[in-house]
file entry_14.tsv (TSV, C-alpha atoms)
chain	number	residue	atom	x	y	z
F	1	MET	CA	0.00	0.00	0.00
F	2	VAL	CA	2.82	2.33	0.90
F	3	SER	CA	4.71	1.44	-2.26
F	4	ARG	CA	1.67	2.13	-4.44
F	5	ASN	CA	1.14	5.59	-2.85
F	6	LYS	CA	4.83	6.31	-3.21
F	7	ASN	CA	4.69	5.46	-6.93
F	8	LYS	CA	1.69	7.74	-7.39
F	9	SER	CA	3.52	10.57	-5.64
F	10	ASN	CA	6.62	10.04	-7.79
F	11	ASN	CA	4.52	10.03	-10.97
F	12	LYS	CA	2.78	13.23	-9.88
F	13	ASN	CA	6.09	14.94	-9.12
F	14	GLN	CA	7.50	13.86	-12.45
F	15	ALA	CA	4.42	15.20	-14.26
F	16	ASN	CA	4.76	18.54	-12.42
F	17	MET	CA	8.42	18.76	-13.38
F	18	GLU	CA	7.61	18.07	-17.03
F	19	THR	CA	4.87	20.75	-16.94
F	20	GLN	CA	7.27	23.27	-15.44
F	21	LYS	CA	9.83	22.47	-18.12
F	22	GLU	CA	7.20	22.97	-20.83
F	23	ASN	CA	6.14	26.30	-19.27
F	24	LYS	CA	9.76	27.48	-19.10
F	25	PHE	CA	10.28	26.48	-22.72
F	26	GLU	CA	7.15	28.39	-23.79
F	27	VAL	CA	8.25	31.50	-21.86
F	28	LYS	CA	11.74	31.35	-23.41
F	29	ALA	CA	10.21	30.91	-26.87
F	30	ALA	CA	7.90	33.89	-26.32
F	31	VAL	CA	10.79	36.08	-25.11
F	32	LYS	CA	12.91	35.07	-28.11
F	33	LEU	CA	10.00	35.89	-30.46
F	34	LEU	CA	9.49	39.34	-28.92
F	35	LEU	CA	13.22	40.08	-29.08
F	36	THR	CA	13.31	38.98	-32.72
F	37	LEU	CA	10.32	41.16	-33.60
F	38	PHE	CA	11.91	44.08	-31.77
F	39	ALA	CA	15.15	43.67	-33.72
F	40	ILE	CA	13.28	43.40	-37.02
F	41	SER	CA	11.26	46.52	-36.16
F	42	LEU	CA	14.41	48.52	-35.45
F	43	LEU	CA	15.95	47.34	-38.73
F	44	LEU	CA	12.83	48.19	-40.75
F	45	SER	CA	12.56	51.60	-39.06
F	46	PHE	CA	16.15	52.32	-40.05
F	47	LEU	CA	15.70	51.08	-43.61
F	48	SER	CA	12.44	53.03	-44.09
F	49	SER	CA	13.85	56.37	-42.92
F	50	GLY	CA	13.74	57.70	-46.52
F	51	PHE	CA	9.92	57.50	-46.54
F	52	ILE	CA	9.87	56.60	-50.26
F	53	GLU	CA	7.49	53.95	-51.63
F	54	LYS	CA	8.99	53.96	-55.16
F	55	GLN	CA	10.91	56.17	-57.55
F	56	GLY	CA	9.08	59.07	-59.19
F	57	ASN	CA	9.21	62.77	-59.99
F	58	VAL	CA	6.28	64.23	-58.03
F	59	ALA	CA	6.22	63.87	-54.24
F	60	PHE	CA	2.79	63.48	-52.62
F	61	ILE	CA	2.75	64.26	-48.89
F	62	GLU	CA	-0.49	63.56	-47.01
F	63	ILE	CA	-1.36	66.10	-44.32
F	64	HIS	CA	-4.40	64.49	-42.76
F	65	ASP	CA	-5.91	64.51	-39.28
F	66	VAL	CA	-5.36	67.10	-36.52
F	67	ILE	CA	-2.04	68.94	-36.77
F	68	SER	CA	0.17	68.79	-33.67
F	69	PHE	CA	3.65	68.03	-32.38
F	70	ASP	CA	2.69	64.96	-30.34
F	71	ASN	CA	1.62	62.44	-33.03
F	72	GLN	CA	-1.89	62.30	-31.61
F	73	GLY	CA	-4.59	61.83	-34.26
F	74	SER	CA	-8.36	61.49	-34.12
F	75	PHE	CA	-9.93	59.07	-31.64
F	76	GLY	CA	-6.57	58.34	-30.02
F	77	SER	CA	-4.90	57.18	-33.22
F	78	THR	CA	-1.29	57.97	-33.98
F	79	ALA	CA	-0.73	60.47	-36.80
F	80	ALA	CA	2.36	62.14	-38.21
F	81	SER	CA	3.61	65.07	-36.11
F	82	ALA	CA	4.63	68.51	-37.38
F	83	ASN	CA	8.29	67.48	-37.20
F	84	ASP	CA	7.52	64.39	-39.30
F	85	TYR	CA	5.96	66.59	-41.99
F	86	VAL	CA	8.96	68.91	-41.99
F	87	ASP	CA	11.25	65.89	-42.42
F	88	LEU	CA	9.16	64.65	-45.34
F	89	ILE	CA	9.24	68.06	-47.03
F	90	THR	CA	13.00	68.28	-46.50
F	91	SER	CA	13.51	64.77	-47.87
F	92	ALA	CA	11.51	65.61	-51.02
F	93	GLU	CA	13.42	68.89	-51.38
F	94	GLU	CA	16.77	67.12	-51.24
F	95	ASN	CA	15.80	64.35	-53.68
F	96	PRO	CA	17.05	65.43	-57.16
F	97	SER	CA	14.46	63.19	-58.85
F	98	ILE	CA	11.58	65.17	-57.35
F	99	LYS	CA	10.46	68.09	-59.51
F	100	VAL	CA	7.22	69.10	-57.74
F	101	ILE	CA	5.87	68.66	-54.19
F	102	VAL	CA	2.12	68.12	-53.73
F	103	LEU	CA	0.56	68.53	-50.29
F	104	ASP	CA	-2.50	66.28	-50.06
F	105	ILE	CA	-4.52	68.09	-47.37
F	106	ASN	CA	-7.57	66.83	-45.50
F	107	SER	CA	-7.47	68.40	-42.04
F	108	PRO	CA	-9.53	70.75	-39.83
F	109	GLY	CA	-6.36	72.39	-38.46
F	110	GLY	CA	-4.70	72.00	-35.08
F	111	GLU	CA	-2.03	73.58	-32.92
F	112	VAL	CA	-0.83	77.06	-33.83
F	113	VAL	CA	2.95	76.60	-33.73
F	114	ALA	CA	2.75	73.15	-35.36
F	115	SER	CA	0.78	74.59	-38.30
F	116	LYS	CA	3.11	77.57	-38.57
F	117	THR	CA	6.18	75.30	-38.53
F	118	ILE	CA	4.94	73.21	-41.45
F	119	ALA	CA	3.91	76.33	-43.41
F	120	LYS	CA	7.39	77.78	-42.91
F	121	ALA	CA	9.03	74.59	-44.21
F	122	ILE	CA	6.88	74.73	-47.34
F	123	SER	CA	7.57	78.41	-48.00
F	124	GLU	CA	11.33	77.83	-47.71
F	125	THR	CA	11.54	74.99	-50.25
F	126	ASN	CA	12.99	75.88	-53.66
F	127	LYS	CA	10.83	73.40	-55.56
F	128	PRO	CA	7.33	74.14	-56.88
F	129	THR	CA	4.67	73.30	-54.30
F	130	ILE	CA	0.97	72.60	-54.82
F	131	ALA	CA	-1.69	72.16	-52.13
F	132	LEU	CA	-4.57	69.82	-52.95
F	133	ILE	CA	-7.44	70.31	-50.49
F	134	ARG	CA	-9.73	67.30	-50.31
F	135	GLU	CA	-12.81	67.55	-48.04
F	136	VAL	CA	-11.35	70.05	-45.57
F	137	GLY	CA	-8.45	72.47	-45.51
F	138	ALA	CA	-9.41	74.76	-42.67
F	139	SER	CA	-7.73	76.88	-40.01
F	140	GLY	CA	-4.15	75.63	-39.42
F	141	ALA	CA	-4.45	73.34	-42.45
F	142	TYR	CA	-5.34	76.34	-44.62
F	143	TRP	CA	-2.38	78.20	-43.10
F	144	ILE	CA	-0.20	75.37	-44.43
F	145	ALA	CA	-1.91	75.36	-47.84
F	146	SER	CA	-1.44	79.13	-48.19
F	147	ALA	CA	2.34	78.67	-48.13
F	148	SER	CA	2.28	76.66	-51.37
F	149	ASP	CA	2.62	78.15	-54.86
F	150	GLN	CA	-0.81	76.93	-56.02
F	151	ILE	CA	-3.91	75.75	-54.15
F	152	PHE	CA	-6.45	73.37	-55.67
F	153	ALA	CA	-9.77	72.50	-54.04
F	154	ASP	CA	-13.05	70.95	-55.09
F	155	GLU	CA	-15.91	73.41	-55.47
F	156	ALA	CA	-17.53	71.78	-52.41
F	157	SER	CA	-14.37	71.58	-50.25
F	158	ILE	CA	-14.35	73.45	-46.92
F	159	VAL	CA	-11.69	76.16	-46.92
F	160	GLY	CA	-10.69	79.05	-44.64
F	161	SER	CA	-11.74	79.31	-40.99
F	162	ILE	CA	-8.96	81.82	-40.35
F	163	GLY	CA	-9.21	82.19	-36.60
F	164	VAL	CA	-7.89	81.01	-33.25
F	165	ILE	CA	-9.69	79.24	-30.40
F	166	GLY	CA	-8.76	79.07	-26.74
F	167	SER	CA	-12.03	77.99	-25.14
F	168	TYR	CA	-12.27	75.72	-22.11
F	169	VAL	CA	-14.89	73.97	-19.95
F	170	ASP	CA	-16.13	75.92	-16.90
F	171	LEU	CA	-16.93	73.47	-14.06
F	172	SER	CA	-17.32	76.05	-11.31
F	173	GLY	CA	-21.11	75.60	-11.29
F	174	LEU	CA	-20.70	71.84	-10.96
F	175	LEU	CA	-18.48	72.29	-7.89
F	176	THR	CA	-21.10	74.53	-6.28
F	177	ARG	CA	-23.85	72.03	-6.99
F	178	TYR	CA	-21.98	69.23	-5.23
F	179	ASN	CA	-20.77	71.44	-2.38
F	180	ALA	CA	-17.12	71.19	-3.47
F	181	SER	CA	-14.57	73.99	-3.58
F	182	TYR	CA	-11.41	74.98	-5.45
F	183	GLN	CA	-8.53	75.77	-3.10
F	184	ARG	CA	-6.34	78.27	-4.92
F	185	LEU	CA	-2.59	77.91	-4.32
F	186	VAL	CA	-0.40	79.70	-6.87
F	187	SER	CA	3.00	81.41	-6.89
F	188	GLY	CA	2.05	83.81	-9.70
F	189	GLU	CA	-1.14	85.86	-10.01
F	190	ARG	CA	-1.97	84.50	-13.49
F	191	LYS	CA	-0.67	80.94	-12.97
F	192	ASP	CA	-4.12	79.32	-12.81
F	193	THR	CA	-5.77	81.55	-15.41
F	194	GLY	CA	-8.13	79.34	-17.40
F	195	THR	CA	-8.58	76.62	-14.80
F	196	PRO	CA	-12.02	75.04	-15.27
F	197	PHE	CA	-12.69	75.08	-11.51
F	198	ARG	CA	-13.39	78.81	-11.20
F	199	LYS	CA	-14.76	81.54	-13.43
F	200	LEU	CA	-12.44	83.90	-15.24
F	201	THR	CA	-12.23	87.40	-13.85
F	202	ASP	CA	-12.86	90.27	-16.28
F	203	ASP	CA	-9.13	91.04	-16.19
F	204	GLU	CA	-8.19	87.43	-16.98
F	205	GLU	CA	-10.67	87.24	-19.85
F	206	ALA	CA	-9.21	90.43	-21.37
F	207	TYR	CA	-5.70	89.05	-20.85
F	208	LEU	CA	-6.44	85.78	-22.70
F	209	GLN	CA	-8.36	87.57	-25.45
F	210	GLN	CA	-5.33	89.78	-26.04
F	211	LYS	CA	-3.16	86.69	-26.60
F	212	LEU	CA	-5.72	85.22	-28.98
F	213	ASP	CA	-5.86	88.48	-30.96
F	214	LEU	CA	-2.05	88.57	-31.24
F	215	ILE	CA	-1.93	85.01	-32.59
F	216	HIS	CA	-4.82	85.80	-34.93
F	217	ASP	CA	-2.89	88.80	-36.25
F	218	ILE	CA	0.18	86.61	-36.92
F	219	PHE	CA	-2.07	84.11	-38.75
F	220	ILE	CA	-3.64	86.82	-40.93
F	221	LYS	CA	-0.34	88.51	-41.83
F	222	ASP	CA	1.28	85.21	-42.76
F	223	VAL	CA	-1.61	84.13	-45.00
F	224	ALA	CA	-1.82	87.62	-46.57
F	225	LYS	CA	1.88	87.44	-47.43
F	226	ASN	CA	1.61	83.88	-48.76
F	227	ARG	CA	-1.42	84.66	-50.91
F	228	ASN	CA	-0.40	88.18	-51.89
F	229	ILE	CA	-3.64	89.60	-50.48
F	230	ASP	CA	-3.95	92.97	-48.79
F	231	VAL	CA	-3.98	92.50	-45.00
F	232	GLU	CA	-7.01	94.74	-44.47
F	233	LYS	CA	-8.93	92.89	-47.16
F	234	LEU	CA	-8.04	89.53	-45.63
F	235	LYS	CA	-9.11	90.68	-42.15
F	236	LYS	CA	-12.68	90.94	-43.44
F	237	LEU	CA	-12.54	87.24	-44.30
F	238	SER	CA	-10.80	86.20	-41.08
F	239	ASP	CA	-13.62	85.97	-38.56
F	240	GLY	CA	-13.41	82.17	-38.51
F	241	SER	CA	-15.89	81.74	-41.37
F	242	ILE	CA	-15.59	78.75	-43.67
F	243	PHE	CA	-15.98	78.97	-47.44
F	244	LEU	CA	-16.77	76.37	-50.06
F	245	GLY	CA	-14.13	75.92	-52.72
F	246	ILE	CA	-16.20	77.75	-55.30
F	247	GLU	CA	-16.47	80.74	-52.94
F	248	ALA	CA	-12.81	80.54	-51.93
F	249	LYS	CA	-11.72	80.84	-55.57
F	250	ASP	CA	-13.69	84.07	-56.05
F	251	LEU	CA	-12.13	85.41	-52.84
F	252	LYS	CA	-8.59	84.49	-54.03
F	253	LEU	CA	-8.12	82.06	-51.12
F	254	ILE	CA	-7.42	79.28	-53.65
F	255	ASP	CA	-6.22	79.30	-57.26
F	256	GLN	CA	-7.91	76.41	-59.03
F	257	LEU	CA	-11.00	74.24	-58.74
F	258	GLY	CA	-10.40	70.53	-59.09
F	259	GLY	CA	-8.94	67.40	-57.62
F	260	GLU	CA	-6.04	65.04	-58.20
F	261	ARG	CA	-6.67	64.74	-61.95
F	262	GLU	CA	-6.60	68.52	-62.41
F	263	VAL	CA	-3.43	68.78	-60.32
F	264	LYS	CA	-1.67	66.22	-62.54
F	265	LYS	CA	-2.80	68.01	-65.71
F	266	TYR	CA	-1.54	71.32	-64.28
F	267	ILE	CA	1.87	69.82	-63.45
F	268	GLU	CA	2.28	68.16	-66.85
F	269	SER	CA	1.34	71.30	-68.78
F	270	ASN	CA	3.35	73.74	-66.66
F	271	PHE	CA	6.48	71.72	-65.92
F	272	ASN	CA	6.67	69.61	-69.09
F	273	ILE	CA	6.88	66.28	-67.27
F	274	THR	CA	4.78	63.13	-67.12
F	275	VAL	CA	3.65	62.76	-63.53
F	276	GLU	CA	5.15	59.75	-61.78
F	277	PRO	CA	3.89	60.04	-58.20
F	278	VAL	CA	6.02	59.00	-55.24
F	279	PHE	CA	4.33	58.90	-51.85
F	280	TYR	CA	6.27	60.25	-48.92
F	281	LYS	CA	4.97	59.03	-45.60
F	282	THR	CA	6.15	58.02	-42.16
F	283	ARG	CA	6.07	54.35	-41.29
F	284	ARG	CA	5.21	53.08	-37.85
F	285	GLY	CA	7.25	50.11	-36.71
F	286	PHE	CA	6.10	47.19	-34.57
F	287	VAL	CA	7.38	48.83	-31.39
F	288	ASP	CA	5.59	52.10	-32.15
F	289	ALA	CA	2.34	50.24	-32.71
F	290	ILE	CA	2.69	48.31	-29.45
F	291	LEU	CA	3.58	51.41	-27.42
F	292	SER	CA	0.75	53.40	-28.99
F	293	SER	CA	-1.77	50.64	-28.34
F	294	SER	CA	-0.71	50.21	-24.72
F	295	SER	CA	-0.82	53.96	-24.20
F	296	ASN	CA	-4.33	54.20	-25.63
F	297	ILE	CA	-5.50	51.23	-23.56
F	298	GLY	CA	-4.06	52.81	-20.42
F	299	TYR	CA	-5.72	56.10	-21.23
F	300	SER	CA	-9.09	54.41	-21.84
F	301	VAL	CA	-8.87	52.50	-18.57
F	302	GLY	CA	-7.93	55.67	-16.72
F	303	THR	CA	-10.81	57.58	-18.27
F	304	GLY	CA	-13.23	54.96	-17.06
F	305	ILE	CA	-12.22	55.55	-13.46
F	306	GLY	CA	-13.70	58.58	-11.77
F	307	ASN	CA	-15.70	61.48	-13.10
F	308	SER	CA	-15.49	61.72	-16.91
F	309	LEU	CA	-16.35	65.41	-16.94
F	310	THR	CA	-13.48	66.25	-14.62
F	311	GLN	CA	-11.09	64.05	-16.63
F	312	SER	CA	-12.04	65.84	-19.86
F	313	ALA	CA	-11.64	69.26	-18.31
F	314	GLU	CA	-8.20	68.43	-16.92
F	315	ALA	CA	-7.09	67.07	-20.30
F	316	ASP	CA	-8.26	70.28	-21.98
F	317	VAL	CA	-6.24	72.42	-19.60
F	318	LYS	CA	-3.07	70.36	-20.12
F	319	THR	CA	-3.15	70.58	-23.91
F	320	THR	CA	-2.04	73.58	-25.96
F	321	PRO	CA	-4.55	76.35	-25.05
F	322	PHE	CA	-4.65	78.01	-28.46
F	323	ARG	CA	-5.60	76.12	-31.62
F	324	SER	CA	-5.91	77.42	-35.16
call {"tool": "encode", "arguments": {"input": "entry_14.tsv", "output": "structure tokens"}}
result
Amino acid sequence: MVSRNKNKSNNKNQANMETQKENKFEVKAAVKLLLTLFAISLLLSFLSSGFIEKQGNVAFIEIHDVISFDNQGSFGSTAASANDYVDLITSAEENPSIKVIVLDINSPGGEVVASKTIAKAISETNKPTIALIREVGASGAYWIASASDQIFADEASIVGSIGVIGSYVDLSGLLTRYNASYQRLVSGERKDTGTPFRKLTDDEEAYLQQKLDLIHDIFIKDVAKNRNIDVEKLKKLSDGSIFLGIEAKDLKLIDQLGGEREVKKYIESNFNITVEPVFYKTRRGFVDAILSSSSNIGYSVGTGIGNSLTQSAEADVKTTPFRS
């Protein structure tokens, strides 16, 4: 009886040891796979640094989604940042095979300095540049388009919206309703200007409006210079209004009505070349995708904990206050 129990115990121990060995083998295999994928991702990222899909003579650069410096696109997706776009423009500029640069724009705008940075890079290139506005080329995206030599847009495209926004959520009434308070501790009188937990004073509102007006003035002057439009004339169009492409052409905000086909015809007739498009774009490696996914998952989990209104207000305060 004792011998039989002892044999059972030995068999059980042996089975456990075999299971542990199998688990260790699986863990080692998984680690090796991840390390291999990581190494491949680094190699591909290095090899794809030129951004070129194939050889050609006309560079197409997509400027889609919200424009910013932090690679954050719509609905938490990862988009190209302003610095990425500048790198793409520079790469196309330095490629002797590229004769014309086309900016494929479909964006509602974004951060002020990010938009201005891309516009500056376009204006400084020595090669002909053409902006092709798809559905939307508004605000900061129009700022970018204005820096090109020619702007094309469909007659129904949304163009313009020359203005700046710095709005925020006011939660002071919500705090009062739930008998909560905002304890103000600052080392500078204006340090918490714009916090959602108390109302702006008249002085603070005037202070922020002054900053918005200054940025708006920079926006207007830059576009007026790019488009060769009188500043005073452009100011009348710069109240944030949007225009359809057919209206924008009459107002000299764009040059031509049309889409990709019309752009290609324009290039071939004006530069005496047959268009061979080459698409310049950033490529996200395996590691970037993993990090972005984990970041978005973490953000979503965090958002689900606590008061969503407060979370949104805090996020709004932490982002760039002025958007074009």
call {"tool": "atom_distance", "arguments": {"input": "entry_14.tsv", "atom1": "CA of Asn270 (chain F)", "atom2": "CA of Leu103 (chain F)"}}
result
17.4 Å
call {"tool": "closest_residue", "arguments": {"input": "entry_14.tsv", "among": "F:Val86, F:Val164, F:Ala114, F:Leu237", "to": "Lys211 (chain F)", "atoms": "only C-alpha atoms"}}
result
F:Val164
call {"tool": "residues_around", "arguments": {"input": "entry_14.tsv", "residues": "Ser241 (chain F)", "least_positions_apart": "5", "cutoff": "8 Å", "atoms": "all atoms listed in the file", "output": "PDB file with C-alpha atoms, in the coordinates of the input"}}
result
ATOM      1  CA  GLY F 160     -10.690  79.050 -44.640  1.00  0.00           C
ATOM      2  CA  SER F 161     -11.740  79.310 -40.990  1.00  0.00           C
ATOM      3  CA  ILE F 162      -8.960  81.820 -40.350  1.00  0.00           C
TER       4      ILE F 162
END
call {"tool": "closest_residue", "arguments": {"input": "entry_14.tsv", "among": "F:Gly140, F:Gly259, F:Gly166, F:Pro96", "to": "Asp222 (chain F)", "atoms": "all atoms listed in the file"}}
result
F:Gly140
call {"tool": "closest_residue", "arguments": {"input": "entry_14.tsv", "among": "F:Lys191, F:Ser146, F:Ile67, F:Ser269", "to": "Val223 (chain F)", "atoms": "all atoms listed in the file"}}
result
F:Ser146
call {"tool": "residues_around", "arguments": {"input": "entry_14.tsv", "residues": "Glu276 (chain F)", "least_positions_apart": "6", "cutoff": "7 Å", "atoms": "all atoms listed in the file", "output": "number ranges by chain"}}
result
F: 56-58
call {"tool": "closest_atom_pairs", "arguments": {"input": "entry_14.tsv", "of": "region 158-238 of chain F", "to": "region 121-134 of chain F", "cutoff": "9 Å", "atoms": "all atoms listed in the file", "output": "JSON lines"}}
result
{"residue": "F:Ile158", "atom": "CA", "partner": "F:Ile133", "partner_atom": "CA", "distance": 8.4}
{"residue": "F:Val159", "atom": "CA", "partner": "F:Ile133", "partner_atom": "CA", "distance": 8.1}
{"residue": "F:Asn226", "atom": "CA", "partner": "F:Ser123", "partner_atom": "CA", "distance": 8.1}
call {"tool": "atom_distance", "arguments": {"input": "entry_14.tsv", "atom1": "CA of Gln183 (chain F)", "atom2": "CA of Arg198 (chain F)"}}
result
9.9 Å
call {"tool": "closest_residue", "arguments": {"input": "entry_14.tsv", "among": "F:Thr117, F:Gln209, F:Ser172, F:Gln55", "to": "Asn83 (chain F)", "atoms": "only C-alpha atoms"}}
result
F:Thr117
call {"tool": "atom_distance", "arguments": {"input": "entry_14.tsv", "atom1": "CA of Tyr280 (chain F)", "atom2": "CA of Ser91 (chain F)"}}
result
8.6 Å
call {"tool": "residues_around", "arguments": {"input": "entry_14.tsv", "residues": "Tyr85 (chain F)", "least_positions_apart": "4", "cutoff": "8 Å", "atoms": "only C-alpha atoms", "output": "list in words"}}
result
Ile61, Ile63, Ala80, Ser81, Ile89 and Ile118 of chain F
call {"tool": "closest_residue", "arguments": {"input": "entry_14.tsv", "among": "F:Glu260, F:Glu247, F:Asp65, F:Glu135", "to": "Pro277 (chain F)", "atoms": "all atoms listed in the file"}}
result
F:Glu260
call {"tool": "closest_residue", "arguments": {"input": "entry_14.tsv", "among": "F:Lys99, F:Lys221, F:His216, F:Lys32", "to": "Gly240 (chain F)", "atoms": "only C-alpha atoms"}}
result
F:His216
call {"tool": "residues_around", "arguments": {"input": "entry_14.tsv", "residues": "Arg184 (chain F)", "least_positions_apart": "4", "cutoff": "12 Å", "atoms": "all atoms listed in the file", "output": "JSON, numbers by chain"}}
result
{"F": [188, 189, 190, 191, 192, 193, 195, 197, 198]}
